[in-house]
>>> print(open('query.cif').read())   # mmCIF, C-alpha atoms
data_start
loop_
_atom_site.label_atom_id
_atom_site.label_comp_id
_atom_site.auth_asym_id
_atom_site.auth_seq_id
_atom_site.Cartn_x
_atom_site.Cartn_y
_atom_site.Cartn_z
CA MET A 1 -53.12 -28.25 2.94
CA ARG A 2 -56.52 -27.08 4.19
CA ILE A 3 -58.70 -29.85 5.66
CA LEU A 4 -62.34 -29.53 6.69
CA VAL A 5 -63.33 -31.87 9.51
CA PRO A 6 -67.05 -31.92 10.39
CA TYR A 7 -67.78 -32.36 14.10
CA ASP A 8 -71.10 -33.81 15.29
CA GLY A 9 -70.37 -34.14 18.99
CA HIS A 10 -69.53 -37.82 18.59
CA GLU A 11 -66.12 -39.15 19.63
CA LEU A 12 -65.64 -40.64 16.15
CA SER A 13 -65.74 -37.24 14.47
CA GLU A 14 -63.03 -35.97 16.81
CA GLN A 15 -61.04 -39.13 16.15
CA ALA A 16 -61.27 -38.40 12.41
CA ALA A 17 -59.47 -35.10 12.98
CA VAL A 18 -56.68 -36.83 14.92
CA MET A 19 -56.32 -39.51 12.25
CA ALA A 20 -56.26 -36.99 9.39
CA ILE A 21 -53.57 -34.94 11.14
CA ASP A 22 -51.47 -38.05 11.76
CA LEU A 23 -51.92 -39.45 8.25
CA LEU A 24 -50.98 -36.17 6.55
CA ALA A 25 -48.36 -35.08 9.08
CA GLN A 26 -45.77 -34.40 6.36
CA HIS A 27 -47.95 -31.56 5.07
CA SER A 28 -48.43 -28.14 6.61
CA LEU A 29 -52.01 -28.53 7.83
CA ASP A 30 -54.74 -25.94 8.30
CA VAL A 31 -57.69 -27.79 9.87
CA HIS A 32 -61.13 -26.18 9.94
CA PHE A 33 -63.23 -27.96 12.56
CA LEU A 34 -66.88 -27.41 11.59
CA HIS A 35 -69.86 -28.02 13.87
CA VAL A 36 -73.28 -27.64 12.19
CA VAL A 37 -76.26 -26.90 14.42
CA PRO A 38 -79.92 -27.03 13.31
CA ASP A 39 -80.96 -23.49 14.27
CA ALA A 40 -79.96 -20.28 16.04
CA ALA A 41 -81.16 -21.59 19.38
CA HIS A 42 -78.30 -24.10 19.38
CA LEU A 43 -75.52 -21.67 18.43
CA ASP A 44 -74.20 -21.01 21.94
CA ALA A 45 -74.09 -24.71 22.82
CA GLY A 46 -72.56 -25.50 19.44
CA GLU A 47 -69.87 -22.88 19.88
CA ALA A 48 -68.98 -24.20 23.32
CA ALA A 49 -68.80 -27.78 22.03
CA ILE A 50 -66.57 -27.01 19.05
CA LYS A 51 -64.25 -24.79 21.10
CA ALA A 52 -63.83 -27.58 23.66
CA ALA A 53 -63.12 -30.11 20.91
CA ALA A 54 -60.60 -27.77 19.27
CA GLU A 55 -58.82 -27.25 22.60
CA ARG A 56 -58.35 -31.01 22.88
CA LEU A 57 -56.46 -30.85 19.55
CA ALA A 58 -54.41 -27.81 20.51
CA ALA A 59 -51.25 -29.88 21.02
CA SER A 60 -51.34 -31.22 17.46
CA PRO A 61 -48.93 -29.82 14.82
CA ALA A 62 -51.86 -28.53 12.76
CA GLN A 63 -53.43 -25.09 12.91
CA ILE A 64 -56.97 -25.62 14.25
CA THR A 65 -59.82 -23.23 13.41
CA PRO A 66 -63.14 -24.01 15.18
CA VAL A 67 -66.24 -22.98 13.23
CA VAL A 68 -69.97 -23.23 13.89
CA SER A 69 -72.67 -22.95 11.22
CA VAL A 70 -76.44 -23.32 10.97
CA GLY A 71 -78.32 -25.63 8.60
CA LYS A 72 -78.35 -29.19 7.32
CA PRO A 73 -74.98 -30.87 7.95
CA GLU A 74 -74.42 -32.30 4.47
CA VAL A 75 -75.31 -28.97 2.81
CA GLU A 76 -73.21 -26.79 5.12
CA ILE A 77 -70.22 -29.15 4.97
CA ALA A 78 -70.09 -29.10 1.16
CA ARG A 79 -70.76 -25.37 1.00
CA TYR A 80 -68.11 -24.49 3.59
CA ALA A 81 -65.52 -26.68 1.84
CA ASP A 82 -66.09 -24.87 -1.43
CA GLN A 83 -66.35 -21.32 -0.14
CA HIS A 84 -63.31 -21.62 2.11
CA GLY A 85 -61.01 -23.40 -0.34
CA ALA A 86 -60.70 -26.75 1.46
CA ASP A 87 -58.46 -29.26 -0.29
CA LEU A 88 -60.35 -32.20 1.18
CA ILE A 89 -62.97 -33.15 3.76
CA ALA A 90 -62.05 -35.72 6.44
CA MET A 91 -64.91 -37.65 8.07
CA SER A 92 -65.57 -40.85 9.99
CA THR A 93 -68.27 -43.35 9.15
CA HIS A 94 -70.30 -45.11 11.81
CA GLY A 95 -70.37 -48.30 9.75
CA ARG A 96 -74.13 -48.75 9.52
CA SER A 97 -75.50 -51.45 7.25
CA MET A 98 -76.73 -50.49 3.79
CA LEU A 99 -80.37 -51.08 4.85
CA ALA A 100 -80.00 -48.81 7.87
CA ARG A 101 -78.39 -46.13 5.74
CA MET A 102 -81.26 -46.30 3.24
CA LEU A 103 -83.78 -45.84 6.05
CA VAL A 104 -82.07 -43.18 8.17
CA GLY A 105 -79.48 -41.80 5.78
CA SER A 106 -75.80 -41.15 6.29
CA VAL A 107 -74.25 -37.69 6.41
CA THR A 108 -70.92 -39.11 5.29
CA ASP A 109 -72.52 -40.82 2.30
CA ARG A 110 -74.40 -37.68 1.28
CA VAL A 111 -71.28 -35.52 1.65
CA ILE A 112 -69.32 -37.92 -0.58
CA ARG A 113 -71.98 -37.61 -3.29
CA THR A 114 -72.14 -33.78 -3.19
CA SER A 115 -68.70 -32.62 -2.10
CA PRO A 116 -66.77 -30.30 -4.43
CA VAL A 117 -63.49 -31.77 -3.11
CA PRO A 118 -62.25 -35.29 -2.34
CA VAL A 119 -63.49 -36.85 0.92
CA LEU A 120 -61.11 -38.73 3.22
CA VAL A 121 -63.14 -41.36 5.08
CA PHE A 122 -62.07 -43.22 8.20
CA HIS A 123 -63.82 -46.34 9.48
CA PRO A 124 -62.69 -46.26 13.14
CA PRO A 125 -64.08 -49.71 14.12
CA SER A 126 -61.49 -51.31 11.80
CA MET A 127 -58.50 -49.05 12.41
CA SER A 128 -56.46 -47.40 15.13
CA ILE A 129 -54.22 -44.36 15.36
CA ASP A 130 -51.15 -46.62 15.19
CA ARG A 131 -52.53 -48.24 12.03
CA VAL A 132 -53.15 -44.88 10.37
CA SER A 133 -49.87 -43.13 11.15
CA PRO A 134 -47.09 -43.97 8.65
CA PRO A 135 -43.54 -44.14 10.02
CA ALA A 136 -41.81 -40.77 9.87
CA GLY A 137 -39.49 -40.23 6.94
CA ARG A 138 -41.09 -42.59 4.42
CA ARG A 139 -43.52 -42.04 1.59
CA LEU A 140 -47.24 -42.53 2.12
CA ARG A 141 -48.15 -45.94 0.65
CA VAL A 142 -51.24 -45.51 -1.53
CA LEU A 143 -53.34 -48.27 -3.10
CA ALA A 144 -55.29 -46.96 -6.10
CA PRO A 145 -57.93 -49.36 -7.48
CA PHE A 146 -58.40 -48.65 -11.20
CA ASP A 147 -61.33 -49.70 -13.41
CA GLY A 148 -59.84 -48.61 -16.73
CA SER A 149 -61.97 -45.49 -17.14
CA ASP A 150 -60.58 -42.05 -17.93
CA PHE A 151 -62.26 -40.69 -14.83
CA ALA A 152 -60.56 -43.24 -12.57
CA ALA A 153 -57.18 -42.38 -14.12
CA ASP A 154 -57.78 -38.66 -13.65
CA ALA A 155 -58.84 -39.26 -10.05
CA VAL A 156 -55.53 -40.97 -9.32
CA LEU A 157 -53.61 -38.11 -10.91
CA MET A 158 -55.57 -35.54 -8.92
CA SER A 159 -54.96 -37.43 -5.68
CA VAL A 160 -51.21 -37.67 -6.32
CA ALA A 161 -51.07 -33.94 -7.05
CA LEU A 162 -53.02 -33.19 -3.87
CA LEU A 163 -50.90 -35.46 -1.66
CA LYS A 164 -47.67 -34.31 -3.39
CA ALA A 165 -45.93 -36.75 -5.70
CA ASP A 166 -42.63 -36.78 -3.81
CA LEU A 167 -44.45 -37.84 -0.61
CA VAL A 168 -46.37 -40.85 -1.99
CA GLU A 169 -45.72 -44.31 -3.36
CA VAL A 170 -48.63 -45.58 -5.47
CA GLN A 171 -49.69 -49.09 -6.41
CA LEU A 172 -52.31 -49.16 -9.16
CA MET A 173 -54.47 -52.27 -9.01
CA THR A 174 -57.16 -53.73 -11.23
CA ALA A 175 -59.40 -56.66 -10.30
CA ILE A 176 -60.98 -58.69 -13.09
CA ALA A 177 -63.50 -61.51 -12.74
CA THR A 178 -62.16 -63.71 -15.54
CA ALA A 179 -58.87 -65.29 -16.52
CA LEU A 180 -59.33 -64.68 -20.26
CA PRO A 181 -55.85 -63.85 -21.66
CA ASP A 182 -57.11 -61.07 -23.94
CA LEU A 183 -58.87 -59.30 -21.07
CA GLN A 184 -55.83 -59.65 -18.82
CA SER A 185 -53.62 -58.25 -21.55
CA LEU A 186 -55.91 -55.23 -22.01
CA ALA A 187 -56.07 -54.65 -18.25
CA ARG A 188 -52.27 -54.70 -17.95
CA GLN A 189 -51.97 -52.28 -20.86
CA LEU A 190 -54.40 -49.84 -19.24
CA LEU A 191 -52.58 -50.14 -15.92
CA GLU A 192 -49.20 -49.40 -17.48
CA THR A 193 -50.58 -46.47 -19.49
CA THR A 194 -52.00 -44.89 -16.35
CA ALA A 195 -48.86 -45.68 -14.36
CA ALA A 196 -46.79 -43.83 -16.96
CA ARG A 197 -49.03 -40.75 -16.53
CA VAL A 198 -48.61 -40.86 -12.76
CA ARG A 199 -44.81 -41.17 -13.10
CA THR A 200 -44.71 -37.92 -15.05
CA LEU A 201 -45.80 -36.22 -11.81
CA GLY A 202 -42.75 -37.62 -10.02
CA ALA A 203 -44.42 -40.34 -7.93
CA LYS A 204 -43.12 -43.88 -7.47
CA VAL A 205 -45.60 -46.29 -9.10
CA SER A 206 -46.13 -50.04 -9.35
CA THR A 207 -49.02 -52.07 -10.77
CA VAL A 208 -50.82 -55.27 -9.86
CA LEU A 209 -53.56 -57.29 -11.60
CA VAL A 210 -55.69 -59.62 -9.49
CA GLN A 211 -58.52 -62.00 -10.31
CA GLY A 212 -61.71 -61.82 -8.27
CA ASP A 213 -64.28 -59.40 -6.89
CA ALA A 214 -62.93 -55.87 -6.49
CA ALA A 215 -64.01 -54.99 -2.93
CA PRO A 216 -62.55 -58.02 -1.11
CA SER A 217 -59.45 -57.83 -3.31
CA ILE A 218 -58.93 -54.21 -2.26
CA THR A 219 -59.38 -55.13 1.41
CA ARG A 220 -56.96 -58.05 1.15
CA LEU A 221 -54.26 -56.08 -0.67
CA THR A 222 -54.61 -53.17 1.75
CA HIS A 223 -53.97 -55.50 4.68
CA GLU A 224 -51.25 -57.63 3.10
CA GLY A 225 -49.42 -54.68 1.59
CA GLY A 226 -49.61 -52.47 4.67
CA PHE A 227 -51.03 -49.54 2.71
CA ASP A 228 -51.63 -46.26 4.51
CA LEU A 229 -54.38 -45.01 2.22
CA VAL A 230 -56.76 -46.22 -0.48
CA VAL A 231 -57.68 -43.79 -3.28
CA MET A 232 -60.92 -44.55 -5.10
CA SER A 233 -63.24 -42.84 -7.55
CA THR A 234 -66.99 -43.30 -7.69
CA HIS A 235 -69.53 -42.34 -10.32
CA GLY A 236 -72.19 -41.46 -7.76
CA HIS A 237 -74.95 -43.99 -8.42
CA GLY A 238 -78.20 -43.25 -6.61
CA MET A 239 -78.92 -44.99 -3.30
CA ILE A 240 -81.43 -47.45 -4.79
CA ALA A 241 -79.09 -48.48 -7.61
CA ARG A 242 -76.26 -48.91 -5.14
CA ALA A 243 -78.43 -51.04 -2.85
CA ILE A 244 -79.35 -53.32 -5.77
CA ILE A 245 -76.04 -53.65 -7.62
CA GLY A 246 -73.65 -52.54 -4.90
CA SER A 247 -70.83 -50.06 -5.03
CA THR A 248 -67.20 -51.13 -4.77
CA THR A 249 -66.26 -47.78 -3.30
CA ASP A 250 -69.10 -47.86 -0.78
CA ARG A 251 -68.17 -51.35 0.35
CA ALA A 252 -64.51 -50.44 0.65
CA VAL A 253 -65.34 -47.33 2.69
CA ARG A 254 -67.35 -49.40 5.19
CA ILE A 255 -64.82 -52.22 5.72
CA SER A 256 -61.39 -50.85 4.86
CA GLU A 257 -58.63 -51.16 7.46
CA ALA A 258 -57.05 -48.05 5.94
CA PRO A 259 -58.52 -44.60 5.28
CA VAL A 260 -60.20 -44.18 1.89
CA LEU A 261 -59.87 -40.99 -0.17
CA VAL A 262 -62.99 -40.81 -2.36
CA VAL A 263 -62.97 -38.68 -5.51
CA MET A 264 -66.32 -37.78 -7.06
CA PRO A 265 -66.86 -36.40 -10.58
CA GLN A 266 -67.81 -32.93 -9.35
CA SER A 267 -64.52 -32.63 -7.45
CA MET A 268 -62.51 -33.14 -10.63
CA GLU A 269 -63.26 -29.94 -12.47
CA ALA A 270 -64.59 -26.40 -12.21
CA PRO A 271 -67.39 -25.96 -14.81
CA THR A 272 -67.33 -22.17 -14.61
CA ASP A 273 -64.58 -19.62 -15.09
CA PRO A 274 -63.66 -18.93 -11.42
CA VAL A 275 -62.93 -15.27 -12.20
CA SER A 276 -66.01 -14.32 -14.23
CA GLY A 277 -68.46 -17.10 -13.35
CA GLU A 278 -69.07 -17.83 -17.06
CA ILE A 279 -69.89 -21.40 -18.05
CA VAL A 280 -66.88 -23.04 -19.70
CA ASP A 281 -66.23 -26.61 -20.82
CA PRO A 282 -62.90 -27.70 -19.29
CA ASP A 283 -62.42 -30.29 -22.04
CA HIS A 284 -62.44 -27.60 -24.74
CA ALA A 285 -61.12 -24.58 -22.88
CA GLU A 286 -58.11 -22.86 -24.39
CA TYR A 287 -56.90 -21.61 -21.01
CA THR A 288 -56.64 -23.81 -17.91
CA ALA A 289 -54.73 -23.84 -14.66
CA GLU A 290 -54.22 -26.46 -11.97
CA TYR A 291 -54.39 -25.62 -8.30
CA HIS A 292 -54.16 -28.18 -5.49
CA GLY A 293 -54.96 -30.96 -7.94
CA ARG A 294 -58.14 -29.29 -9.28
CA VAL A 295 -58.35 -28.09 -12.87
CA PHE A 296 -59.86 -24.65 -13.52
CA ALA A 297 -60.81 -23.44 -16.99
CA PHE A 298 -61.03 -19.84 -18.23
CA THR A 299 -62.67 -17.94 -21.04
CA SER A 300 -59.66 -15.65 -21.51
CA PHE A 301 -55.94 -15.52 -20.83
CA ALA A 302 -56.48 -12.43 -18.68
CA HIS A 303 -58.77 -14.43 -16.38
CA LYS A 304 -56.16 -17.17 -16.14
CA GLN A 305 -53.50 -14.63 -15.14
CA GLN A 306 -55.83 -13.05 -12.61
CA PHE A 307 -56.58 -16.42 -11.05
CA GLU A 308 -52.93 -17.46 -10.87
CA SER A 309 -52.00 -14.21 -9.15
CA ALA A 310 -54.33 -14.97 -6.19
CA PRO A 311 -56.02 -18.40 -6.52
CA ASP A 312 -57.34 -18.48 -2.96
CA ALA A 313 -59.55 -15.52 -3.81
CA TYR A 314 -61.40 -17.58 -6.42
CA VAL A 315 -61.43 -21.25 -5.44
CA GLY A 316 -64.51 -20.85 -3.25
CA ASN A 317 -66.84 -19.44 -5.91
CA ARG A 318 -67.72 -22.46 -8.03
CA MET A 319 -70.63 -23.99 -6.13
CA ALA A 320 -72.27 -20.64 -5.40
CA ARG A 321 -72.09 -19.59 -9.05
CA THR A 322 -73.51 -22.83 -10.39
CA GLY A 323 -76.55 -22.43 -8.13
CA ARG A 324 -76.08 -25.60 -6.09
CA PHE A 325 -75.79 -23.70 -2.82
CA ALA A 326 -76.45 -20.17 -1.63
CA ALA A 327 -73.55 -17.75 -1.66
CA VAL A 328 -72.08 -16.13 1.44
CA SER A 329 -73.85 -12.90 0.53
CA ASP A 330 -77.16 -14.77 0.58
CA GLY A 331 -76.83 -15.53 4.26
CA PHE A 332 -74.43 -18.45 4.71
CA ALA A 333 -74.38 -18.88 8.49
CA ALA A 334 -70.85 -19.68 9.59
CA LYS A 335 -68.54 -18.08 12.08
CA THR A 336 -65.49 -18.83 14.12
CA PRO A 337 -66.01 -18.66 17.89
CA ASN A 338 -65.37 -15.15 19.24
CA GLY A 339 -66.02 -13.81 15.74
CA ALA A 340 -68.84 -11.63 14.49
CA PRO A 341 -72.42 -12.82 15.13
CA PRO A 342 -73.60 -15.15 12.34
CA VAL A 343 -76.15 -14.21 9.74
CA ILE A 344 -78.92 -16.81 9.84
CA HIS A 345 -80.07 -17.93 6.42
CA GLU A 346 -83.82 -18.35 6.16
CA ALA A 347 -84.25 -21.21 3.70
#
>>> encode(input="query.cif", output="C-alpha cells")
Amino acid sequence: MRILVPYDGHELSEQAAVMAIDLLAQHSLDVHFLHVVPDAAHLDAGEAAIKAAAERLAASPAQITPVVSVGKPEVEIARYADQHGADLIAMSTHGRSMLARMLVGSVTDRVIRTSPVPVLVFHPPSMSIDRVSPPAGRRLRVLAPFDGSDFAADAVLMSVALLKADLVEVQLMTAIATALPDLQSLARQLLETTAARVRTLGAKVSTVLVQGDAAPSITRLTHEGGFDLVVMSTHGHGMIARAIIGSTTDRAVRISEAPVLVVMPQSMEAPTDPVSGEIVDPDHAEYTAEYHGRVFAFTSFAHKQQFESAPDAYVGNRMARTGRFAAVSDGFAAKTPNGAPPVIHEA
C-alpha cells in the first residue's frame, strides 16, 4: 500500500506518519513523505528538513521516500497523490475551531475536499500511539457510519477493498433522530442490504441502529466499541454551508478518538479512460477494472487489457487529464532528496 504523508515541519505531521504505519502495519507499506515549500529559495532547507524527518522514521517497517516539492500545499499534496499512485493520504489535524478554520483555512480540510484518493485523518490531541495500534494478529476493527445513500455504501466497499477484506472487521451503523417504527424498519433494511454487499468481499460485518445525532453517536460507539478506525464519506459541502448546517464527517474528524478515513466523491471513480484520456461515464461503461479499491472505466476492451497489464503506469494520469492540476510535463516541481534538480513551475 502506498501512503502519502504531507510534512509541514510540525511534530503532528511526523506523528501522523508514525500512526499511519502502526495502524496499517499488516500491509506492506510504501510511505512517501512530502514536504511542500513555497518557492525555490526554500528548497535546500526543505530538503534538509524532510531528510531529517525521514531518518527519524528509518527504524519503522515501512519503506520511506522523502520528497520535496514547490507550490501551495493543498494543490501539491493532491497532485502528488494522483501522479504517483498513492492509495491514500495520511494527515493530522490541528483541531482548530470551525470559525478559525473559516478565517485562516485548513490544509487538511482543503485536501479532503480535493483529494483523488481517500484521506486518513488523525486528531492527535484525542489519541495516542497505543490507542491507534491494534493488537498484532487480529483484524482491524472498523466503524462505518452509513446514511443510506448509494455513495456511502460504495465508500464502505471501496474502503474494505483498500484495507483488504480479510484484515478488517466492519460494523455498519446508522443514526436516526426519530423512533418511528417505519423509519427504523427502512434503516435496518438498508443496513442489511449494504452489509450483504460488504460480505461478498470476504469481510466480517455486523450492523447497529442507534437513535440520536450522528456525530456524538459515532464518537460514543467508537469509544465504547474500541474501534481502530472510522470510515466516513462526505459530499463535500462548501465551507459556508458546512458552517451553517454542520457536517457530521467534519465534526467526527475533529473530535474522534480513532483515526477517520474520509472518502470523497472524486476518489470513488476515474471519469476518463486512464489509457487514452477520453471522457467516459463509469456508470455506463462497458469495460471497467478495479485497482486498489478504485474503479476505472474504459472505452475499449483493448484499453482495459492494457491497463490491467501495468496499472501503475496509468493510475496517476486522471487529475492531469481532467485539467484540475498541471501535468508533470508542465513543470510539476517534486523531487526526492539527492535526485535530479526540480523543475520549478511558474504558475
>>> residues_around(input="query.cif", residues="Arg141 of chain A", least_positions_apart="3", cutoff="12 Å", atoms="only C-alpha atoms", output="VMD selection string")
chain A and resid 23 to 24 132 to 135 138 144 160 163 165 to 172 203 to 206 221 to 223 225 to 231 258 to 259
>>> resolve_selection(input="query.cif", expression="the PyMOL selection byres ((chain A and resi 157) around 12)", output="VMD selection string")
chain A and resid 144 146 150 to 156 158 to 165 168 170 172 194 to 203 205 231 to 233 263 268 290 292 to 295
>>> closest_residue(input="query.cif", among="A:Val275, A:Ala187, A:Met91, A:Ala177", to="Ala215 of chain A", atoms="all atoms listed in the file")
A:Ala177
>>> atom_distance(input="query.cif", atom1="atom CA of Thr108 of chain A", atom2="atom CA of Ala49 of chain A")
20.3 Å
>>> atom_distance(input="query.cif", atom1="atom CA of Leu140 of chain A", atom2="atom CA of Ser247 of chain A")
25.8 Å
>>> closest_residue(input="query.cif", among="A:Ala313, A:Leu34, A:Ile112, A:Val280", to="Glu14 of chain A", atoms="all atoms listed in the file")
A:Leu34
>>> atom_distance(input="query.cif", atom1="atom CA of Thr288 of chain A", atom2="atom CA of Asp87 of chain A")
18.5 Å
>>> residues_around(input="query.cif", residues="Glu11 of chain A", least_positions_apart="2", cutoff="12 Å", atoms="all atoms listed in the file", output="PyMOL selection string")
chain A and resi 6-9+13-18+49+53+56+91-94+124
>>> write_last_selection(input="query.cif", atoms="C-alpha atoms", output="short mmCIF file (atom, residue, chain, number, x, y, z; two decimals), in the frame of the given file")
data_model
loop_
_atom_site.label_atom_id
_atom_site.label_comp_id
_atom_site.auth_asym_id
_atom_site.auth_seq_id
_atom_site.Cartn_x
_atom_site.Cartn_y
_atom_site.Cartn_z
CA PRO A 6 -67.05 -31.92 10.39
CA TYR A 7 -67.78 -32.36 14.10
CA ASP A 8 -71.10 -33.81 15.29
CA GLY A 9 -70.37 -34.14 18.99
CA SER A 13 -65.74 -37.24 14.47
CA GLU A 14 -63.03 -35.97 16.81
CA GLN A 15 -61.04 -39.13 16.15
CA ALA A 16 -61.27 -38.40 12.41
CA ALA A 17 -59.47 -35.10 12.98
CA VAL A 18 -56.68 -36.83 14.92
CA ALA A 49 -68.80 -27.78 22.03
CA ALA A 53 -63.12 -30.11 20.91
CA ARG A 56 -58.35 -31.01 22.88
CA MET A 91 -64.91 -37.65 8.07
CA SER A 92 -65.57 -40.85 9.99
CA THR A 93 -68.27 -43.35 9.15
CA HIS A 94 -70.30 -45.11 11.81
CA PRO A 124 -62.69 -46.26 13.14
#
>>> closest_residue(input="query.cif", among="A:Ala52, A:Val117, A:Leu4, A:Val142", to="Val260 of chain A", atoms="only C-alpha atoms")
A:Val142
>>> closest_residue(input="query.cif", among="A:Leu29, A:Thr299, A:Leu209, A:Ile64", to="Ser185 of chain A", atoms="all atoms listed in the file")
A:Leu209
>>> resolve_selection(input="query.cif", expression="the PyMOL selection byres ((chain A and resi 287) around 8)", output="number ranges by chain")
A: 285-286, 288-289, 297-301, 304
>>> write_last_selection(input="query.cif", atoms="C-alpha atoms", output="PDB file, keeping the file's coordinate frame")
ATOM      1  CA  ALA A 285     -61.120 -24.580 -22.880  1.00  0.00           C
ATOM      2  CA  GLU A 286     -58.110 -22.860 -24.390  1.00  0.00           C
ATOM      3  CA  THR A 288     -56.640 -23.810 -17.910  1.00  0.00           C
ATOM      4  CA  ALA A 289     -54.730 -23.840 -14.660  1.00  0.00           C
ATOM      5  CA  ALA A 297     -60.810 -23.440 -16.990  1.00  0.00           C
ATOM      6  CA  PHE A 298     -61.030 -19.840 -18.230  1.00  0.00           C
ATOM      7  CA  THR A 299     -62.670 -17.940 -21.040  1.00  0.00           C
ATOM      8  CA  SER A 300     -59.660 -15.650 -21.510  1.00  0.00           C
ATOM      9  CA  PHE A 301     -55.940 -15.520 -20.830  1.00  0.00           C
ATOM     10  CA  LYS A 304     -56.160 -17.170 -16.140  1.00  0.00           C
TER      11      LYS A 304
END
>>> closest_residue(input="query.cif", among="A:Ala25, A:Val111, A:Ala90, A:Leu120", to="Ala78 of chain A", atoms="all atoms listed in the file")
A:Val111
>>> closest_residue(input="query.cif", among="A:Asp30, A:Glu278, A:Asp250, A:Asp82", to="Ala62 of chain A", atoms="all atoms listed in the file")
A:Asp30
>>> residues_near_point(input="query.cif", point="(-57.6, -58.4, -10.5)", cutoff="9 Å", atoms="all atoms listed in the file", output="compact mmCIF listing (two decimals) with C-alpha atoms, in the coordinates of the input")
# COMPACT_ATOMS: atom_id res chain seq x y z
CA MET A 173 -54.47 -52.27 -9.01
CA THR A 174 -57.16 -53.73 -11.23
CA ALA A 175 -59.40 -56.66 -10.30
CA ILE A 176 -60.98 -58.69 -13.09
CA ALA A 177 -63.50 -61.51 -12.74
CA THR A 178 -62.16 -63.71 -15.54
CA GLN A 184 -55.83 -59.65 -18.82
CA ALA A 187 -56.07 -54.65 -18.25
CA VAL A 208 -50.82 -55.27 -9.86
CA LEU A 209 -53.56 -57.29 -11.60
CA VAL A 210 -55.69 -59.62 -9.49
CA GLN A 211 -58.52 -62.00 -10.31
CA GLY A 212 -61.71 -61.82 -8.27
CA ASP A 213 -64.28 -59.40 -6.89
CA ALA A 214 -62.93 -55.87 -6.49
CA SER A 217 -59.45 -57.83 -3.31
